[in-house]
>>> print(open('structure-v3.txt').read())   # compact mmCIF, C-alpha atoms
# COMPACT_ATOMS: atom_id res chain seq x y z
CA MET X 194 100.21 141.66 368.89
CA TRP X 195 98.74 144.60 370.64
CA LEU X 196 101.80 146.87 370.31
CA PRO X 197 101.33 147.64 366.55
CA VAL X 198 97.68 148.50 367.21
CA VAL X 199 98.71 150.83 370.01
CA GLY X 200 101.29 152.35 367.68
CA VAL X 201 98.73 152.99 364.97
CA LEU X 202 96.31 154.48 367.50
CA PHE X 203 99.07 156.68 368.87
CA GLY X 204 99.94 157.89 365.37
CA VAL X 205 96.30 158.62 364.52
CA LEU X 206 95.81 160.44 367.78
CA LEU X 207 98.95 162.47 367.21
CA GLY X 208 97.78 163.40 363.74
CA LEU X 209 94.35 164.43 364.98
CA LEU X 210 95.64 166.37 367.96
CA THR X 211 98.36 168.26 366.12
CA GLY X 212 95.99 168.98 363.26
CA ALA X 213 98.95 169.05 360.94
CA SER X 214 97.89 169.23 357.33
CA VAL X 215 100.04 168.72 354.31
CA PRO X 216 99.68 171.19 351.44
CA ALA X 217 98.11 169.85 348.26
CA ALA X 218 101.41 170.08 346.43
CA TYR X 219 102.94 167.44 348.73
CA THR X 220 100.17 164.84 348.44
CA ALA X 221 102.35 162.66 346.23
CA TYR X 222 105.17 162.70 348.81
CA LEU X 223 102.76 161.74 351.59
CA LEU X 224 101.30 158.95 349.52
CA VAL X 225 104.73 157.55 348.75
CA ALA X 226 105.75 157.83 352.42
CA VAL X 227 102.61 155.98 353.56
CA LEU X 228 103.21 153.24 351.01
CA ALA X 229 106.88 152.89 352.03
CA THR X 230 105.86 152.59 355.69
CA VAL X 231 103.13 150.03 355.05
CA ASP X 232 105.46 148.09 352.78
CA THR X 233 108.17 148.02 355.43
CA LEU X 234 105.62 146.92 358.05
CA CYS X 235 104.47 144.05 355.85
CA GLY X 236 108.07 143.12 355.08
CA GLY X 237 108.86 143.17 358.80
CA ALA X 238 105.85 141.00 359.60
CA LYS X 239 106.81 138.52 356.90
CA ALA X 240 110.40 138.38 358.14
CA GLY X 241 109.17 137.95 361.71
CA LEU X 242 106.98 135.02 360.69
CA GLN X 243 109.83 133.40 358.77
CA ASN X 244 112.23 134.08 361.68
CA GLU X 245 114.47 136.14 359.45
CA PHE X 246 113.94 139.51 361.13
CA ASP X 247 116.99 141.72 361.29
CA ASP X 248 116.96 145.16 362.93
CA ALA X 249 119.59 146.69 360.68
CA LEU X 250 117.97 145.33 357.51
CA PHE X 251 114.54 146.47 358.68
CA LEU X 252 115.55 150.00 359.53
CA SER X 253 117.94 150.51 356.60
CA GLY X 254 115.36 149.06 354.19
CA PHE X 255 112.73 151.44 355.44
CA LEU X 256 114.94 154.48 355.28
CA MET X 257 116.47 153.64 351.90
CA ASN X 258 113.09 152.89 350.37
CA LEU X 259 111.66 156.08 351.76
CA VAL X 260 114.55 158.21 350.52
CA ALA X 261 114.54 156.56 347.10
CA ALA X 262 110.79 156.94 346.69
CA LEU X 263 110.78 160.57 347.82
CA SER X 264 113.71 161.36 345.53
CA LEU X 265 111.93 159.76 342.63
CA THR X 266 108.83 161.83 343.39
CA PHE X 267 110.89 164.98 343.64
CA LEU X 268 112.63 164.23 340.36
CA GLY X 269 109.27 163.53 338.75
CA GLU X 270 107.94 166.87 339.90
CA GLN X 271 110.95 168.67 338.52
CA LEU X 272 110.50 166.95 335.18
CA SER X 273 106.70 167.27 335.26
CA VAL X 274 106.40 163.48 334.92
CA ASP X 275 104.53 161.35 337.46
CA LEU X 276 107.62 159.37 338.41
CA TYR X 277 106.21 158.66 341.89
CA LEU X 278 103.96 156.13 340.17
CA ALA X 279 107.04 153.94 339.72
CA ALA X 280 107.50 153.87 343.50
CA VAL X 281 103.77 153.29 344.03
CA PHE X 282 103.84 150.40 341.59
CA ALA X 283 106.94 148.81 343.13
CA PHE X 284 105.63 149.19 346.68
CA GLY X 285 102.20 147.95 345.68
CA VAL X 286 103.50 144.82 344.01
CA ARG X 287 105.79 144.00 346.93
CA LEU X 288 103.04 144.74 349.41
CA PHE X 289 100.69 142.19 347.85
CA ARG X 290 103.47 139.60 347.51
CA ASN X 291 104.35 140.06 351.18
CA ILE X 292 100.71 139.84 352.19
CA ALA X 293 100.41 136.60 350.21
CA ILE X 294 103.49 135.18 351.92
CA ILE X 295 102.16 136.22 355.35
CA ARG X 296 98.83 134.57 354.53
CA ARG X 297 100.50 131.31 353.49
CA GLU X 298 102.74 131.38 356.50
CA LEU X 299 99.78 131.87 358.84
CA ILE X 300 97.78 129.14 357.15
CA THR X 301 100.74 126.76 357.37
CA ARG X 302 101.12 127.56 361.04
CA CYS X 303 97.40 126.98 361.67
CA LYS X 304 97.58 123.59 359.92
CA TYR X 305 100.71 122.70 361.86
CA ARG X 306 99.04 123.52 365.18
CA LYS X 307 95.95 121.46 364.29
CA ARG X 308 98.11 118.47 363.52
CA LEU X 309 99.75 118.81 366.91
CA MET B 67 109.96 138.63 368.85
CA LYS B 68 112.59 140.73 370.52
CA LYS B 69 111.72 143.88 372.36
CA GLN B 70 113.62 146.04 369.90
CA GLN B 71 111.68 144.57 367.00
CA LYS B 72 108.43 145.33 368.73
CA VAL B 73 109.50 148.90 369.29
CA PHE B 74 110.46 149.25 365.61
CA ILE B 75 107.17 147.84 364.47
CA ALA B 76 105.21 150.01 366.90
CA GLY B 77 107.12 153.12 365.79
CA LEU B 78 106.48 152.38 362.14
CA CYS B 79 102.82 151.73 362.87
CA ALA B 80 102.60 155.07 364.60
CA ALA B 81 104.28 156.73 361.64
CA ALA B 82 101.88 155.01 359.23
CA GLY B 83 98.89 156.03 361.31
CA PHE B 84 100.12 159.59 361.49
CA LEU B 85 100.71 159.83 357.76
CA VAL B 86 97.43 158.16 356.87
CA ILE B 87 95.39 160.36 359.17
CA ASN B 88 97.15 163.34 357.74
CA ASN B 89 96.26 162.21 354.26
CA ILE B 90 92.67 161.44 355.18
CA ASP B 91 92.26 164.68 357.00
CA PHE B 92 93.66 166.46 354.05
CA SER B 93 91.74 164.70 351.34
CA SER B 94 88.28 164.46 352.90
CA GLU B 95 86.77 167.78 353.83
CA SER B 96 89.06 170.28 352.25
CA SER B 97 89.32 168.51 348.93
CA ALA B 98 85.55 168.30 348.72
CA ARG B 99 85.35 172.00 349.36
CA GLU B 100 88.08 172.55 346.84
CA ASN B 101 86.27 170.47 344.27
CA LYS B 102 83.16 172.52 344.85
CA ASP B 103 85.20 175.69 344.55
CA ILE B 104 86.76 174.45 341.37
CA VAL B 105 83.35 173.65 339.90
CA GLU B 106 82.07 177.08 340.84
CA LEU B 107 85.17 178.73 339.50
CA ARG B 108 84.88 176.83 336.25
CA LYS B 109 81.29 177.90 335.93
CA THR B 110 82.20 181.52 336.58
CA LEU B 111 85.09 181.25 334.18
CA GLU B 112 82.80 179.86 331.51
CA GLU B 113 80.33 182.67 332.06
CA GLU B 114 83.06 185.26 331.90
CA GLN B 115 84.46 183.71 328.76
CA GLU B 116 81.05 183.87 327.15
CA HIS B 117 80.77 187.47 328.25
CA ARG B 118 84.16 188.18 326.77
CA GLN B 119 83.16 186.50 323.54
CA LYS B 120 80.07 188.67 323.36
CA LEU B 121 82.10 191.79 324.04
CA TYR B 122 84.57 190.82 321.35
CA GLU B 123 81.73 190.37 318.90
CA HIS B 124 80.33 193.72 319.89
CA ILE B 125 83.69 195.39 319.43
CA ARG B 126 84.12 193.71 316.05
CA GLU B 127 80.73 194.93 314.93
CA GLN B 128 81.50 198.46 316.02
CA GLU B 129 84.87 198.34 314.31
CA GLN B 130 83.29 197.15 311.11
CA LEU B 131 80.76 199.94 311.31
CA LEU B 132 83.51 202.46 311.91
CA GLU B 133 85.49 201.05 309.00
CA ARG B 134 82.43 201.28 306.79
CA TYR B 135 81.81 204.85 307.79
CA LYS B 136 85.42 205.73 307.13
CA THR B 137 85.44 204.17 303.67
CA GLU B 138 82.10 205.75 302.89
CA GLN B 139 83.43 209.10 303.91
CA LYS B 140 86.57 208.55 301.93
CA ASN B 141 84.70 207.42 298.89
CA SER B 142 82.12 210.13 299.04
CA ARG B 143 83.26 212.51 296.31
CA GLU B 144 80.27 214.67 296.89
CA GLU B 145 81.29 215.33 300.44
CA ALA B 146 84.84 216.12 299.46
CA MET B 147 83.67 218.48 296.77
CA GLU B 148 81.28 220.19 299.11
CA GLU B 149 84.08 220.63 301.58
CA ALA B 150 86.32 222.07 298.89
CA VAL B 151 83.59 224.40 297.73
CA ALA B 152 82.97 225.61 301.27
CA ASN B 153 86.68 226.16 301.72
CA LEU B 154 86.95 228.09 298.49
CA GLU B 155 83.87 230.15 299.28
CA GLU B 156 85.42 231.09 302.57
CA LYS B 157 88.64 232.08 300.83
CA ALA B 158 86.75 234.00 298.15
CA GLY B 159 84.85 236.01 300.73
CA LEU B 160 81.45 234.54 299.98
CA THR B 161 80.80 233.61 303.59
CA LYS B 162 80.16 235.65 306.66
CA ARG B 163 83.20 235.86 308.95
CA ARG B 164 83.34 236.71 312.59
CA GLY B 165 86.10 237.22 315.10
CA GLU B 166 88.14 239.90 316.78
CA GLY B 167 89.28 242.95 314.90
CA VAL B 168 89.36 246.73 314.57
CA THR B 169 86.52 249.12 313.82
CA ILE B 170 87.43 252.43 312.24
CA GLN B 171 84.84 255.17 312.13
CA LEU B 172 85.36 258.13 309.83
CA THR B 173 83.25 261.23 310.49
CA ALA B 174 83.41 264.76 309.19
CA ASP B 175 85.03 267.16 311.59
CA THR B 176 82.18 269.04 313.27
CA LYS B 177 84.00 272.32 312.90
CA VAL B 178 83.99 272.03 309.14
CA GLU B 179 80.80 271.93 307.16
CA GLU B 180 80.37 268.82 305.11
CA THR B 181 80.72 269.53 301.47
CA ALA B 182 81.36 267.49 298.41
CA ASP B 183 84.93 268.73 298.48
CA ASN B 184 85.92 267.40 301.80
CA PHE B 185 84.23 264.01 301.30
CA ILE B 186 86.64 261.16 301.14
CA GLY B 187 87.88 260.09 297.73
CA PRO B 188 88.05 256.51 296.42
CA GLU B 189 91.83 256.56 296.19
CA VAL B 190 92.04 257.43 299.89
CA LEU B 191 89.81 254.53 300.78
CA ARG B 192 91.82 252.22 298.52
CA LYS B 193 95.02 253.34 300.19
CA LEU B 194 93.45 252.83 303.60
CA VAL B 195 92.32 249.32 302.73
CA ASN B 196 95.71 248.41 301.30
CA GLU B 197 97.39 249.69 304.42
CA LEU B 198 95.08 247.69 306.63
CA TYR B 199 95.89 244.57 304.63
CA ARG B 200 99.54 245.33 305.03
CA PHE B 201 99.11 245.70 308.80
CA GLY B 202 97.65 242.21 308.99
CA ALA B 203 93.92 242.59 308.39
CA LYS B 204 92.36 239.49 306.88
CA ASP B 205 88.87 240.55 305.91
CA ILE B 206 87.65 244.11 305.51
CA SER B 207 84.26 245.63 304.99
CA ILE B 208 83.35 249.26 304.36
CA GLU B 209 79.83 250.24 305.29
CA GLY B 210 78.75 246.61 305.10
CA GLU B 211 80.42 246.04 301.74
CA ARG B 212 82.85 243.20 301.78
CA ILE B 213 86.14 244.15 300.20
CA LEU B 214 87.64 241.54 297.90
CA GLU B 215 90.72 241.48 295.71
CA THR B 216 88.53 242.55 292.83
CA SER B 217 86.55 245.21 294.66
CA ALA B 218 86.42 248.46 292.73
CA PHE B 219 86.63 251.87 294.37
CA ARG B 220 85.16 254.32 291.91
CA ASP B 221 84.21 257.94 291.85
CA ILE B 222 81.01 258.22 289.88
CA ASP B 223 79.65 261.68 289.52
CA GLY B 224 81.31 262.87 292.71
CA GLU B 225 80.07 259.85 294.69
CA VAL B 226 82.28 257.07 295.94
CA HIS B 227 81.15 253.60 294.85
CA ILE B 228 82.41 250.38 296.34
CA ASN B 229 81.49 247.12 294.64
CA GLY B 230 79.11 249.18 292.56
CA GLN B 231 77.26 250.44 295.64
CA PRO B 232 77.42 254.16 296.50
CA LEU B 233 78.61 255.28 299.91
CA SER B 234 75.90 257.32 301.55
CA GLY B 235 78.30 259.79 303.19
CA PHE B 236 79.68 260.22 306.69
CA PRO B 237 80.01 258.45 309.00
CA ILE B 238 81.85 255.61 307.28
CA THR B 239 82.48 252.46 309.28
CA ILE B 240 85.35 250.25 308.28
CA LYS B 241 85.68 246.85 309.89
CA ALA B 242 88.83 244.82 309.69
CA LEU B 243 89.12 241.26 310.96
CA THR B 244 92.56 240.30 312.20
CA ASP B 245 94.41 237.92 314.49
CA ASP B 246 96.17 240.77 316.25
CA PRO B 247 93.76 243.74 316.54
CA LYS B 248 96.04 245.68 318.83
CA ALA B 249 98.89 245.69 316.33
CA VAL B 250 96.60 246.74 313.47
CA HIS B 251 95.09 249.46 315.64
CA ASN B 252 98.50 250.83 316.66
CA GLN B 253 99.95 250.67 313.18
CA PHE B 254 96.89 252.40 311.75
CA MET B 255 97.30 255.24 314.25
CA VAL B 256 100.68 256.10 312.78
CA SER B 257 99.90 255.32 309.17
CA ASP B 258 99.91 257.58 306.14
CA SER B 259 96.15 257.19 305.81
CA TRP B 260 95.60 258.50 309.33
CA GLU B 261 97.75 261.50 308.59
CA TYR B 262 96.06 262.19 305.30
CA LEU B 263 92.54 261.84 306.75
CA THR B 264 93.39 264.18 309.58
CA TYR B 265 94.74 266.62 307.09
CA GLU B 266 91.45 266.33 305.18
CA GLN B 267 89.55 267.41 308.33
CA ILE B 268 88.10 263.96 308.94
CA ALA B 269 87.75 262.73 312.47
CA ILE B 270 88.97 259.15 312.96
CA GLU B 271 87.98 256.76 315.69
CA SER B 272 89.65 253.40 315.87
CA SER B 273 88.66 250.79 318.41
CA ILE B 274 89.47 247.18 319.09
CA GLU B 275 86.46 244.83 319.00
CA GLN B 276 86.30 241.36 320.46
CA GLU B 277 83.39 240.28 318.33
CA LEU B 278 83.20 241.61 314.82
CA VAL B 279 81.04 240.39 311.95
CA ILE B 280 82.14 240.89 308.37
CA PRO B 281 79.30 240.25 305.94
CA ALA B 282 79.63 238.03 302.92
CA TYR B 283 80.08 239.35 299.41
CA GLU B 284 76.57 239.27 298.06
CA GLU B 285 77.06 239.85 294.37
CA VAL B 286 77.96 237.14 291.94
CA ARG B 287 81.67 237.11 291.38
CA ARG B 288 82.53 237.53 287.78
CA VAL B 289 85.62 235.80 286.67
CA ARG B 290 87.34 237.14 283.65
CA PHE B 291 90.62 236.25 282.03
CA MET B 292 90.61 232.89 283.77
CA GLU B 293 90.01 229.40 282.43
CA ALA B 294 89.75 226.04 284.10
CA ALA B 295 92.96 224.07 283.69
CA GLU B 296 92.36 220.73 282.03
CA GLU B 297 93.86 217.69 283.60
CA ASP B 298 96.05 215.46 281.46
>>> encode(input="structure-v3.txt", output="structure tokens")
Amino acid sequence: MWLPVVGVLFGVLLGLLTGASVPAAYTAYLLVAVLATVDTLCGGAKAGLQNEFDDALFLSGFLMNLVAALSLTFLGEQLSVDLYLAAVFAFGVRLFRNIAIIRRELITRCKYRKRL
Amino acid sequence: MKKQQKVFIAGLCAAAGFLVINNIDFSSESSARENKDIVELRKTLEEEQEHRQKLYEHIREQEQLLERYKTEQKNSREEAMEEAVANLEEKAGLTKRRGEGVTIQLTADTKVEETADNFIGPEVLRKLVNELYRFGAKDISIEGERILETSAFRDIDGEVHINGQPLSGFPITIKALTDDPKAVHNQFMVSDSWEYLTYEQIAIESSIEQELVIPAYEEVRRVRFMEAAEED
């Protein structure tokens, strides 16, 4: 349980120390990338709880989602249409569904333990 | 959970943290500053636009004024007529003219006593004036009398009269206004008049002047044998 927290801390620290900043023009890309990452994390957590975790699925899902979302954003910028919103919407919906599933799973597990 | 899974999760968490902190870092301080800048810029832009608007109005006003002046000037018949009159007066010799030219002074030869016989005749003066005109003189005056196309050179009782005014005698000063004084001067030196005057024992002095004043014709011009053409 502590490894994800360490990972997040490491990422934050890296970001702070490198002081890397993304130009304003790429804010949409960054946003989509963050959403894809969080979505994959939630998906991974859900799969882990349901004992369905698969490395290949996890990694390929993350990469494919990321590439698709970034491509959509790029296409949107070329067409001057906010196409990245499609990715944001899709990720957002799936994120909340996954969170709901994780919540139910955790609650079920808690109830199961109490019964034992 | 397998070790590999944990590593994947941790790596993704790190990536998420990195991206988020990047985004936060980017959107907190700098965007606030940018917003402030944008507000300031908008304000300046608005001010400048107002300034521009005022300048445009000013320019429009000035243009209208200019247009009005132009039309007024165009419409003003009086002004046009005055201009035409001034132009005609200048052409008719009713105005004073100044410029560069040649001054010719005729004096009796000191060796010869001045008599009525050797005084210059009107035909000689007429010939001289005609020659000067031919050499390129534009305006000529003899002893302060402006010579016009209608000027009369008359011999009245042994006295030469120009424009009805008698010539007092020697010396006689003739002034000729011209664009090329040197040419007039040189041509006069070899002219028939020069030869004739020398023959008549009259000393001639011709000099080029940078600033010459030809007086206006002071009499009233009488126009005969001429009628105003009526417009159809």
>>> interface_residues(input="structure-v3.txt", of="chain X", to="chain B", cutoff="8 Å", atoms="only C-alpha atoms", output="PDB file with C-alpha atoms, in the coordinates of the input")
ATOM      1  CA  LEU X 196     101.800 146.870 370.310  1.00  0.00           C
ATOM      2  CA  PRO X 197     101.330 147.640 366.550  1.00  0.00           C
ATOM      3  CA  VAL X 198      97.680 148.500 367.210  1.00  0.00           C
ATOM      4  CA  VAL X 199      98.710 150.830 370.010  1.00  0.00           C
ATOM      5  CA  GLY X 200     101.290 152.350 367.680  1.00  0.00           C
ATOM      6  CA  VAL X 201      98.730 152.990 364.970  1.00  0.00           C
ATOM      7  CA  LEU X 202      96.310 154.480 367.500  1.00  0.00           C
ATOM      8  CA  PHE X 203      99.070 156.680 368.870  1.00  0.00           C
ATOM      9  CA  GLY X 204      99.940 157.890 365.370  1.00  0.00           C
ATOM     10  CA  VAL X 205      96.300 158.620 364.520  1.00  0.00           C
ATOM     11  CA  LEU X 206      95.810 160.440 367.780  1.00  0.00           C
ATOM     12  CA  LEU X 207      98.950 162.470 367.210  1.00  0.00           C
ATOM     13  CA  GLY X 208      97.780 163.400 363.740  1.00  0.00           C
ATOM     14  CA  LEU X 209      94.350 164.430 364.980  1.00  0.00           C
ATOM     15  CA  GLY X 212      95.990 168.980 363.260  1.00  0.00           C
ATOM     16  CA  ALA X 213      98.950 169.050 360.940  1.00  0.00           C
ATOM     17  CA  SER X 214      97.890 169.230 357.330  1.00  0.00           C
ATOM     18  CA  VAL X 215     100.040 168.720 354.310  1.00  0.00           C
ATOM     19  CA  THR X 220     100.170 164.840 348.440  1.00  0.00           C
ATOM     20  CA  LEU X 223     102.760 161.740 351.590  1.00  0.00           C
ATOM     21  CA  LEU X 224     101.300 158.950 349.520  1.00  0.00           C
ATOM     22  CA  ALA X 226     105.750 157.830 352.420  1.00  0.00           C
ATOM     23  CA  VAL X 227     102.610 155.980 353.560  1.00  0.00           C
ATOM     24  CA  THR X 230     105.860 152.590 355.690  1.00  0.00           C
ATOM     25  CA  VAL X 231     103.130 150.030 355.050  1.00  0.00           C
ATOM     26  CA  LEU X 234     105.620 146.920 358.050  1.00  0.00           C
ATOM     27  CA  GLY X 237     108.860 143.170 358.800  1.00  0.00           C
ATOM     28  CA  GLY X 241     109.170 137.950 361.710  1.00  0.00           C
ATOM     29  CA  ASP X 248     116.960 145.160 362.930  1.00  0.00           C
ATOM     30  CA  LEU X 252     115.550 150.000 359.530  1.00  0.00           C
TER      31      LEU X 252
END
>>> residues_around(input="structure-v3.txt", residues="Pro188 (chain B)", least_positions_apart="4", cutoff="6 Å", atoms="all atoms listed in the file", output="ChimeraX atom specification")
/B:219-220,226
>>> residues_around(input="structure-v3.txt", residues="Ala218 (chain B)", least_positions_apart="3", cutoff="10 Å", atoms="all atoms listed in the file", output="ChimeraX atom specification")
/B:188,192,213-215,221,227-231
>>> atom_distance(input="structure-v3.txt", atom1="CA of Glu297 (chain B)", atom2="CA of Leu160 (chain B)")
26.6 Å
>>> closest_residue(input="structure-v3.txt", among="B:Lys120, B:Ile208, B:Glu138, B:Asp175", to="Leu194 (chain B)", atoms="all atoms listed in the file")
B:Ile208
>>> closest_residue(input="structure-v3.txt", among="X:Gln271, X:Arg308, X:Cys235, X:Leu256", to="Arg290 (chain X)", atoms="all atoms listed in the file")
X:Cys235
>>> residues_around(input="structure-v3.txt", residues="Tyr262 (chain B)", least_positions_apart="5", cutoff="10 Å", atoms="only C-alpha atoms", output="count of residues only")
5
>>> atom_distance(input="structure-v3.txt", atom1="CA of Glu245 (chain X)", atom2="CA of Leu288 (chain X)")
17.5 Å
>>> atom_distance(input="structure-v3.txt", atom1="CA of Ala242 (chain B)", atom2="CA of Ile186 (chain B)")
18.6 Å
>>> axis_aligned_box(input="structure-v3.txt", around="region 277-295 of chain X", padding_each_side="4 Å", output="lines of an AutoDock Vina configuration file")
center_x = 104.0
center_y = 146.9
center_z = 347.5
size_x = 15.1
size_y = 31.5
size_z = 23.6
>>> closest_residue(input="structure-v3.txt", among="X:Gly269, X:Pro216, X:Gly285, X:Gly236", to="Gly254 (chain X)", atoms="all atoms listed in the file")
X:Gly236
>>> residues_around(input="structure-v3.txt", residues="region 167-173 of chain B", least_positions_apart="2", cutoff="6 Å", atoms="all atoms listed in the file", output="ChimeraX atom specification")
/B:236-244,247,268-275
>>> build_atoms(input="structure-v3.txt", residues="region 115-133 of chain B", atoms="N, CA, C and O atoms", output="mmCIF file, in the coordinates of the input")
data_model
loop_
_atom_site.group_PDB
_atom_site.id
_atom_site.type_symbol
_atom_site.label_atom_id
_atom_site.label_comp_id
_atom_site.auth_asym_id
_atom_site.auth_seq_id
_atom_site.Cartn_x
_atom_site.Cartn_y
_atom_site.Cartn_z
ATOM 1 N N GLN B 115 83.947 183.904 330.117
ATOM 2 C CA GLN B 115 84.460 183.710 328.760
ATOM 3 C C GLN B 115 83.377 184.006 327.723
ATOM 4 O O GLN B 115 83.641 184.609 326.684
ATOM 5 N N GLU B 116 82.154 183.573 328.059
ATOM 6 C CA GLU B 116 81.050 183.870 327.150
ATOM 7 C C GLU B 116 80.842 185.378 327.037
ATOM 8 O O GLU B 116 80.638 185.917 325.945
ATOM 9 N N HIS B 117 80.931 186.012 328.197
ATOM 10 C CA HIS B 117 80.770 187.470 328.250
ATOM 11 C C HIS B 117 81.833 188.139 327.383
ATOM 12 O O HIS B 117 81.554 189.048 326.602
ATOM 13 N N ARG B 118 83.053 187.624 327.533
ATOM 14 C CA ARG B 118 84.160 188.180 326.770
ATOM 15 C C ARG B 118 83.908 187.999 325.275
ATOM 16 O O ARG B 118 84.135 188.892 324.476
ATOM 17 N N GLN B 119 83.442 186.794 324.949
ATOM 18 C CA GLN B 119 83.160 186.500 323.540
ATOM 19 C C GLN B 119 82.152 187.503 322.981
ATOM 20 O O GLN B 119 82.313 188.040 321.888
ATOM 21 N N LYS B 120 81.107 187.732 323.802
ATOM 22 C CA LYS B 120 80.070 188.670 323.360
ATOM 23 C C LYS B 120 80.644 190.068 323.165
ATOM 24 O O LYS B 120 80.340 190.765 322.194
ATOM 25 N N LEU B 121 81.491 190.448 324.128
ATOM 26 C CA LEU B 121 82.100 191.790 324.040
ATOM 27 C C LEU B 121 82.977 191.904 322.809
ATOM 28 O O LEU B 121 82.958 192.913 322.113
ATOM 29 N N TYR B 122 83.722 190.816 322.546
ATOM 30 C CA TYR B 122 84.570 190.820 321.350
ATOM 31 C C TYR B 122 83.723 191.008 320.098
ATOM 32 O O TYR B 122 84.067 191.774 319.207
ATOM 33 N N GLU B 123 82.615 190.265 320.060
ATOM 34 C CA GLU B 123 81.730 190.370 318.900
ATOM 35 C C GLU B 123 81.227 191.798 318.744
ATOM 36 O O GLU B 123 81.176 192.354 317.641
ATOM 37 N N HIS B 124 80.849 192.349 319.878
ATOM 38 C CA HIS B 124 80.330 193.720 319.890
ATOM 39 C C HIS B 124 81.382 194.684 319.350
ATOM 40 O O HIS B 124 81.098 195.519 318.484
ATOM 41 N N ILE B 125 82.589 194.516 319.863
ATOM 42 C CA ILE B 125 83.690 195.390 319.430
ATOM 43 C C ILE B 125 83.918 195.228 317.931
ATOM 44 O O ILE B 125 84.099 196.200 317.198
ATOM 45 N N ARG B 126 83.891 193.964 317.474
ATOM 46 C CA ARG B 126 84.120 193.710 316.050
ATOM 47 C C ARG B 126 83.049 194.406 315.213
ATOM 48 O O ARG B 126 83.348 195.036 314.196
ATOM 49 N N GLU B 127 81.813 194.288 315.668
ATOM 50 C CA GLU B 127 80.730 194.930 314.930
ATOM 51 C C GLU B 127 80.950 196.440 314.833
ATOM 52 O O GLU B 127 80.836 197.039 313.766
ATOM 53 N N GLN B 128 81.295 197.010 315.989
ATOM 54 C CA GLN B 128 81.500 198.460 316.020
ATOM 55 C C GLN B 128 82.665 198.862 315.126
ATOM 56 O O GLN B 128 82.612 199.878 314.433
ATOM 57 N N GLU B 129 83.707 198.032 315.146
ATOM 58 C CA GLU B 129 84.870 198.340 314.310
ATOM 59 C C GLU B 129 84.509 198.282 312.839
ATOM 60 O O GLU B 129 84.942 199.114 312.039
ATOM 61 N N GLN B 130 83.704 197.267 312.503
ATOM 62 C CA GLN B 130 83.290 197.150 311.110
ATOM 63 C C GLN B 130 82.476 198.368 310.693
ATOM 64 O O GLN B 130 82.644 198.913 309.597
ATOM 65 N N LEU B 131 81.605 198.772 311.597
ATOM 66 C CA LEU B 131 80.760 199.940 311.310
ATOM 67 C C LEU B 131 81.630 201.180 311.105
ATOM 68 O O LEU B 131 81.431 201.943 310.155
ATOM 69 N N LEU B 132 82.602 201.307 311.991
ATOM 70 C CA LEU B 132 83.510 202.460 311.910
ATOM 71 C C LEU B 132 84.277 202.428 310.590
ATOM 72 O O LEU B 132 84.412 203.448 309.909
ATOM 73 N N GLU B 133 84.747 201.228 310.251
ATOM 74 C CA GLU B 133 85.490 201.050 309.000
ATOM 75 C C GLU B 133 84.615 201.440 307.807
ATOM 76 O O GLU B 133 85.055 202.119 306.889
#
